file input27.pdb (PDB, C-alpha atoms)
ATOM      1  CA  MET A   1    -232.402 149.252 -45.478
ATOM      2  CA  THR A   2    -232.475 152.249 -43.180
ATOM      3  CA  VAL A   3    -235.735 153.086 -41.483
ATOM      4  CA  THR A   4    -236.073 155.957 -39.076
ATOM      5  CA  VAL A   5    -238.953 156.605 -36.746
ATOM      6  CA  GLN A   6    -239.937 160.094 -35.709
ATOM      7  CA  VAL A   7    -241.852 160.281 -32.475
ATOM      8  CA  ASP A   8    -244.373 163.102 -32.544
ATOM      9  CA  THR A   9    -244.819 164.316 -28.975
ATOM     10  CA  GLY A  10    -247.416 166.845 -30.168
ATOM     11  CA  ARG A  11    -250.156 164.249 -30.307
ATOM     12  CA  PRO A  12    -250.968 161.378 -27.999
ATOM     13  CA  VAL A  13    -250.206 157.898 -29.289
ATOM     14  CA  ALA A  14    -250.315 154.519 -27.580
ATOM     15  CA  THR A  15    -246.788 153.151 -27.318
ATOM     16  CA  LEU A  16    -246.433 149.434 -26.747
ATOM     17  CA  ILE A  17    -243.142 148.231 -25.339
ATOM     18  CA  ASN A  18    -243.173 144.455 -25.219
ATOM     19  CA  VAL A  19    -240.180 142.649 -23.723
ATOM     20  CA  PHE A  20    -239.829 138.986 -24.660
ATOM     21  CA  THR A  21    -237.458 136.698 -22.794
ATOM     22  CA  VAL A  22    -236.157 134.032 -25.141
ATOM     23  CA  SER A  23    -233.514 131.340 -25.348
ATOM     24  CA  PRO A  24    -230.556 132.748 -27.330
ATOM     25  CA  ASP A  25    -230.880 129.969 -29.900
ATOM     26  CA  ARG A  26    -234.467 131.120 -30.643
ATOM     27  CA  GLN A  27    -233.967 134.907 -30.699
ATOM     28  CA  ASP A  28    -233.676 135.106 -34.505
ATOM     29  CA  GLU A  29    -236.705 132.833 -34.906
ATOM     30  CA  LEU A  30    -238.787 135.118 -32.695
ATOM     31  CA  ILE A  31    -237.721 138.266 -34.542
ATOM     32  CA  ALA A  32    -238.508 136.633 -37.896
ATOM     33  CA  LEU A  33    -241.960 135.633 -36.629
ATOM     34  CA  LEU A  34    -242.684 139.111 -35.283
ATOM     35  CA  ALA A  35    -241.516 140.742 -38.521
ATOM     36  CA  ARG A  36    -243.712 138.416 -40.619
ATOM     37  CA  ALA A  37    -246.695 139.013 -38.335
ATOM     38  CA  THR A  38    -246.202 142.760 -38.668
ATOM     39  CA  GLU A  39    -245.909 142.658 -42.457
ATOM     40  CA  ASP A  40    -248.785 140.214 -42.948
ATOM     41  CA  THR A  41    -251.251 141.418 -40.305
ATOM     42  CA  MET A  42    -250.370 144.128 -37.810
ATOM     43  CA  ARG A  43    -249.517 146.936 -40.214
ATOM     44  CA  HIS A  44    -252.900 146.487 -41.891
ATOM     45  CA  GLN A  45    -254.831 147.022 -38.652
ATOM     46  CA  PRO A  46    -256.591 150.366 -38.179
ATOM     47  CA  GLY A  47    -254.459 152.803 -36.191
ATOM     48  CA  PHE A  48    -251.129 150.995 -36.651
ATOM     49  CA  LEU A  49    -248.256 153.478 -36.963
ATOM     50  CA  HIS A  50    -244.986 151.519 -36.795
ATOM     51  CA  ALA A  51    -243.094 148.708 -35.087
ATOM     52  CA  ASN A  52    -239.439 148.068 -34.343
ATOM     53  CA  PHE A  53    -237.795 144.916 -33.027
ATOM     54  CA  HIS A  54    -234.613 145.055 -30.992
ATOM     55  CA  ALA A  55    -232.395 142.056 -30.207
ATOM     56  CA  SER A  56    -230.342 142.139 -27.012
ATOM     57  CA  LEU A  57    -226.671 141.426 -27.531
ATOM     58  CA  ASP A  58    -226.787 138.560 -25.024
ATOM     59  CA  GLY A  59    -229.511 136.875 -27.119
ATOM     60  CA  GLN A  60    -231.941 136.642 -24.200
ATOM     61  CA  ARG A  61    -234.368 139.461 -24.979
ATOM     62  CA  VAL A  62    -236.361 140.846 -27.877
ATOM     63  CA  VAL A  63    -237.988 144.238 -27.424
ATOM     64  CA  ASN A  64    -240.904 145.320 -29.583
ATOM     65  CA  TYR A  65    -241.406 149.100 -29.689
ATOM     66  CA  CYS A  66    -244.683 149.741 -31.486
ATOM     67  CA  GLN A  67    -247.040 152.685 -31.745
ATOM     68  CA  TRP A  68    -250.758 152.909 -32.391
ATOM     69  CA  GLU A  69    -252.833 156.035 -32.988
ATOM     70  CA  THR A  70    -254.874 155.373 -29.834
ATOM     71  CA  GLU A  71    -255.177 152.843 -27.053
ATOM     72  CA  GLU A  72    -258.533 151.866 -28.554
ATOM     73  CA  HIS A  73    -256.815 150.903 -31.824
ATOM     74  CA  TYR A  74    -254.349 148.770 -29.869
ATOM     75  CA  ARG A  75    -257.168 147.091 -27.900
ATOM     76  CA  ALA A  76    -259.098 146.394 -31.138
ATOM     77  CA  MET A  77    -256.006 144.689 -32.581
ATOM     78  CA  LEU A  78    -255.839 142.462 -29.483
ATOM     79  CA  ALA A  79    -259.388 141.293 -30.234
ATOM     80  CA  ASN A  80    -258.576 140.424 -33.861
ATOM     81  CA  PRO A  81    -258.285 136.600 -34.246
ATOM     82  CA  GLU A  82    -255.584 136.850 -36.926
ATOM     83  CA  ALA A  83    -253.457 139.161 -34.784
ATOM     84  CA  ARG A  84    -254.114 136.971 -31.731
ATOM     85  CA  PHE A  85    -252.814 133.924 -33.630
ATOM     86  CA  HIS A  86    -249.469 135.646 -34.255
ATOM     87  CA  MET A  87    -249.188 136.796 -30.648
ATOM     88  CA  ASP A  88    -249.899 133.258 -29.422
ATOM     89  CA  GLN A  89    -247.171 131.892 -31.726
ATOM     90  CA  ALA A  90    -244.663 134.402 -30.325
ATOM     91  CA  ALA A  91    -245.620 133.410 -26.782
ATOM     92  CA  LYS A  92    -244.778 129.786 -27.632
ATOM     93  CA  ILE A  93    -241.219 130.791 -28.591
ATOM     94  CA  ALA A  94    -240.630 133.166 -25.680
ATOM     95  CA  THR A  95    -240.321 132.012 -22.084
ATOM     96  CA  ASP A  96    -241.830 135.292 -20.807
ATOM     97  CA  VAL A  97    -243.756 138.142 -22.448
ATOM     98  CA  GLN A  98    -244.189 141.552 -20.774
ATOM     99  CA  PRO A  99    -246.369 143.937 -22.858
ATOM    100  CA  ARG A 100    -247.006 147.414 -21.434
ATOM    101  CA  LEU A 101    -248.573 150.572 -22.864
ATOM    102  CA  PHE A 102    -246.761 153.885 -22.400
ATOM    103  CA  GLN A 103    -247.147 157.570 -23.252
ATOM    104  CA  VAL A 104    -244.241 159.369 -24.882
ATOM    105  CA  ARG A 105    -243.436 162.282 -22.600
ATOM    106  CA  SER A 106    -240.139 163.427 -24.122
ATOM    107  CA  ALA A 107    -238.197 162.659 -27.321
ATOM    108  CA  HIS A 108    -234.714 163.800 -28.364
ATOM    109  CA  SER A 109    -232.408 163.387 -31.360
ATOM    110  CA  ALA A 110    -229.000 164.560 -32.503
ATOM    111  CA  GLY A 111    -228.716 167.855 -34.339
TER     112      GLY A 111
END

call {"tool": "encode", "arguments": {"input": "input27.pdb", "output": "structure tokens"}}
result
Amino acid sequence: MTVTVQVDTGRPVATLINVFTVSPDRQDELIALLARATEDTMRHQPGFLHANFHASLDGQRVVNYCQWETEEHYRAMLANPEARFHMDQAAKIATDVQPRLFQVRSAHSAG
């Protein structure tokens, strides 16, 4: 399955970049959990746009690149008990979790 994400710099969105540190033997488990949480809960939250999960080649990191329509939508998701449950489960697998919100300032693609 090929999925592409177009970043629209013409409108403000809240971009979450969350870096998880994980034991290499649990990297796949964490990605599976995050994917299930996104399919079951996150993508149904108001303002959700998309999420991507990236696995480092050394097995020690998982990066979640996710966008919400607004920071308020992201903050509302954080208050949702169902979403919170999934985030707490991910934190039990990871040894460190570093979520940060960003603004897209520039986007580029080939051709």

call {"tool": "residues_around", "arguments": {"input": "input27.pdb", "residues": "region 56-70 of chain A", "least_positions_apart": "3", "cutoff": "9 Å", "atoms": "only C-alpha atoms", "output": "JSON, numbers by chain"}}
result
{"A": [12, 13, 14, 15, 16, 17, 18, 19, 20, 21, 22, 23, 24, 25, 26, 27, 28, 30, 31, 34, 46, 47, 48, 49, 50, 51, 52, 53, 73, 74, 75, 94, 99]}

call {"tool": "write_last_selection", "arguments": {"input": "input27.pdb", "atoms": "C-alpha atoms", "output": "PDB file, keeping the file's coordinate frame"}}
result
ATOM      1  CA  PRO A  12    -250.968 161.378 -27.999  1.00  0.00           C
ATOM      2  CA  VAL A  13    -250.206 157.898 -29.289  1.00  0.00           C
ATOM      3  CA  ALA A  14    -250.315 154.519 -27.580  1.00  0.00           C
ATOM      4  CA  THR A  15    -246.788 153.151 -27.318  1.00  0.00           C
ATOM      5  CA  LEU A  16    -246.433 149.434 -26.747  1.00  0.00           C
ATOM      6  CA  ILE A  17    -243.142 148.231 -25.339  1.00  0.00           C
ATOM      7  CA  ASN A  18    -243.173 144.455 -25.219  1.00  0.00           C
ATOM      8  CA  VAL A  19    -240.180 142.649 -23.723  1.00  0.00           C
ATOM      9  CA  PHE A  20    -239.829 138.986 -24.660  1.00  0.00           C
ATOM     10  CA  THR A  21    -237.458 136.698 -22.794  1.00  0.00           C
ATOM     11  CA  VAL A  22    -236.157 134.032 -25.141  1.00  0.00           C
ATOM     12  CA  SER A  23    -233.514 131.340 -25.348  1.00  0.00           C
ATOM     13  CA  PRO A  24    -230.556 132.748 -27.330  1.00  0.00           C
ATOM     14  CA  ASP A  25    -230.880 129.969 -29.900  1.00  0.00           C
ATOM     15  CA  ARG A  26    -234.467 131.120 -30.643  1.00  0.00           C
ATOM     16  CA  GLN A  27    -233.967 134.907 -30.699  1.00  0.00           C
ATOM     17  CA  ASP A  28    -233.676 135.106 -34.505  1.00  0.00           C
ATOM     18  CA  LEU A  30    -238.787 135.118 -32.695  1.00  0.00           C
ATOM     19  CA  ILE A  31    -237.721 138.266 -34.542  1.00  0.00           C
ATOM     20  CA  LEU A  34    -242.684 139.111 -35.283  1.00  0.00           C
ATOM     21  CA  PRO A  46    -256.591 150.366 -38.179  1.00  0.00           C
ATOM     22  CA  GLY A  47    -254.459 152.803 -36.191  1.00  0.00           C
ATOM     23  CA  PHE A  48    -251.129 150.995 -36.651  1.00  0.00           C
ATOM     24  CA  LEU A  49    -248.256 153.478 -36.963  1.00  0.00           C
ATOM     25  CA  HIS A  50    -244.986 151.519 -36.795  1.00  0.00           C
ATOM     26  CA  ALA A  51    -243.094 148.708 -35.087  1.00  0.00           C
ATOM     27  CA  ASN A  52    -239.439 148.068 -34.343  1.00  0.00           C
ATOM     28  CA  PHE A  53    -237.795 144.916 -33.027  1.00  0.00           C
ATOM     29  CA  HIS A  73    -256.815 150.903 -31.824  1.00  0.00           C
ATOM     30  CA  TYR A  74    -254.349 148.770 -29.869  1.00  0.00           C
ATOM     31  CA  ARG A  75    -257.168 147.091 -27.900  1.00  0.00           C
ATOM     32  CA  ALA A  94    -240.630 133.166 -25.680  1.00  0.00           C
ATOM     33  CA  PRO A  99    -246.369 143.937 -22.858  1.00  0.00           C
TER      34      PRO A  99
END

call {"tool": "closest_residue", "arguments": {"input": "input27.pdb", "among": "A:Arg11, A:His54, A:His86, A:Arg100", "to": "Leu33 (chain A)", "atoms": "only C-alpha atoms"}}
result
A:His86

call {"tool": "atom_distance", "arguments": {"input": "input27.pdb", "atom1": "CA of Ala32 (chain A)", "atom2": "CA of Glu71 (chain A)"}}
result
25.7 Å

call {"tool": "atom_distance", "arguments": {"input": "input27.pdb", "atom1": "CA of Arg84 (chain A)", "atom2": "CA of Asp96 (chain A)"}}
result
16.5 Å

call {"tool": "atom_distance", "arguments": {"input": "input27.pdb", "atom1": "CA of Thr41 (chain A)", "atom2": "CA of Phe102 (chain A)"}}
result
22.3 Å

call {"tool": "closest_residue", "arguments": {"input": "input27.pdb", "among": "A:Met77, A:Val97, A:Ala91, A:Ala110", "to": "Arg43 (chain A)", "atoms": "only C-alpha atoms"}}
result
A:Met77

call {"tool": "closest_residue", "arguments": {"input": "input27.pdb", "among": "A:Leu101, A:Ala37, A:His108, A:Ala55", "to": "Phe85 (chain A)", "atoms": "all atoms listed in the file"}}
result
A:Ala37

call {"tool": "axis_aligned_box", "arguments": {"input": "input27.pdb", "around": "region 94-99 of chain A", "padding_each_side": "3 Å", "output": "lines of an AutoDock Vina configuration file"}}
result
center_x = -243.3
center_y = 138.0
center_z = -23.2
size_x = 12.0
size_y = 17.9
size_z = 10.9
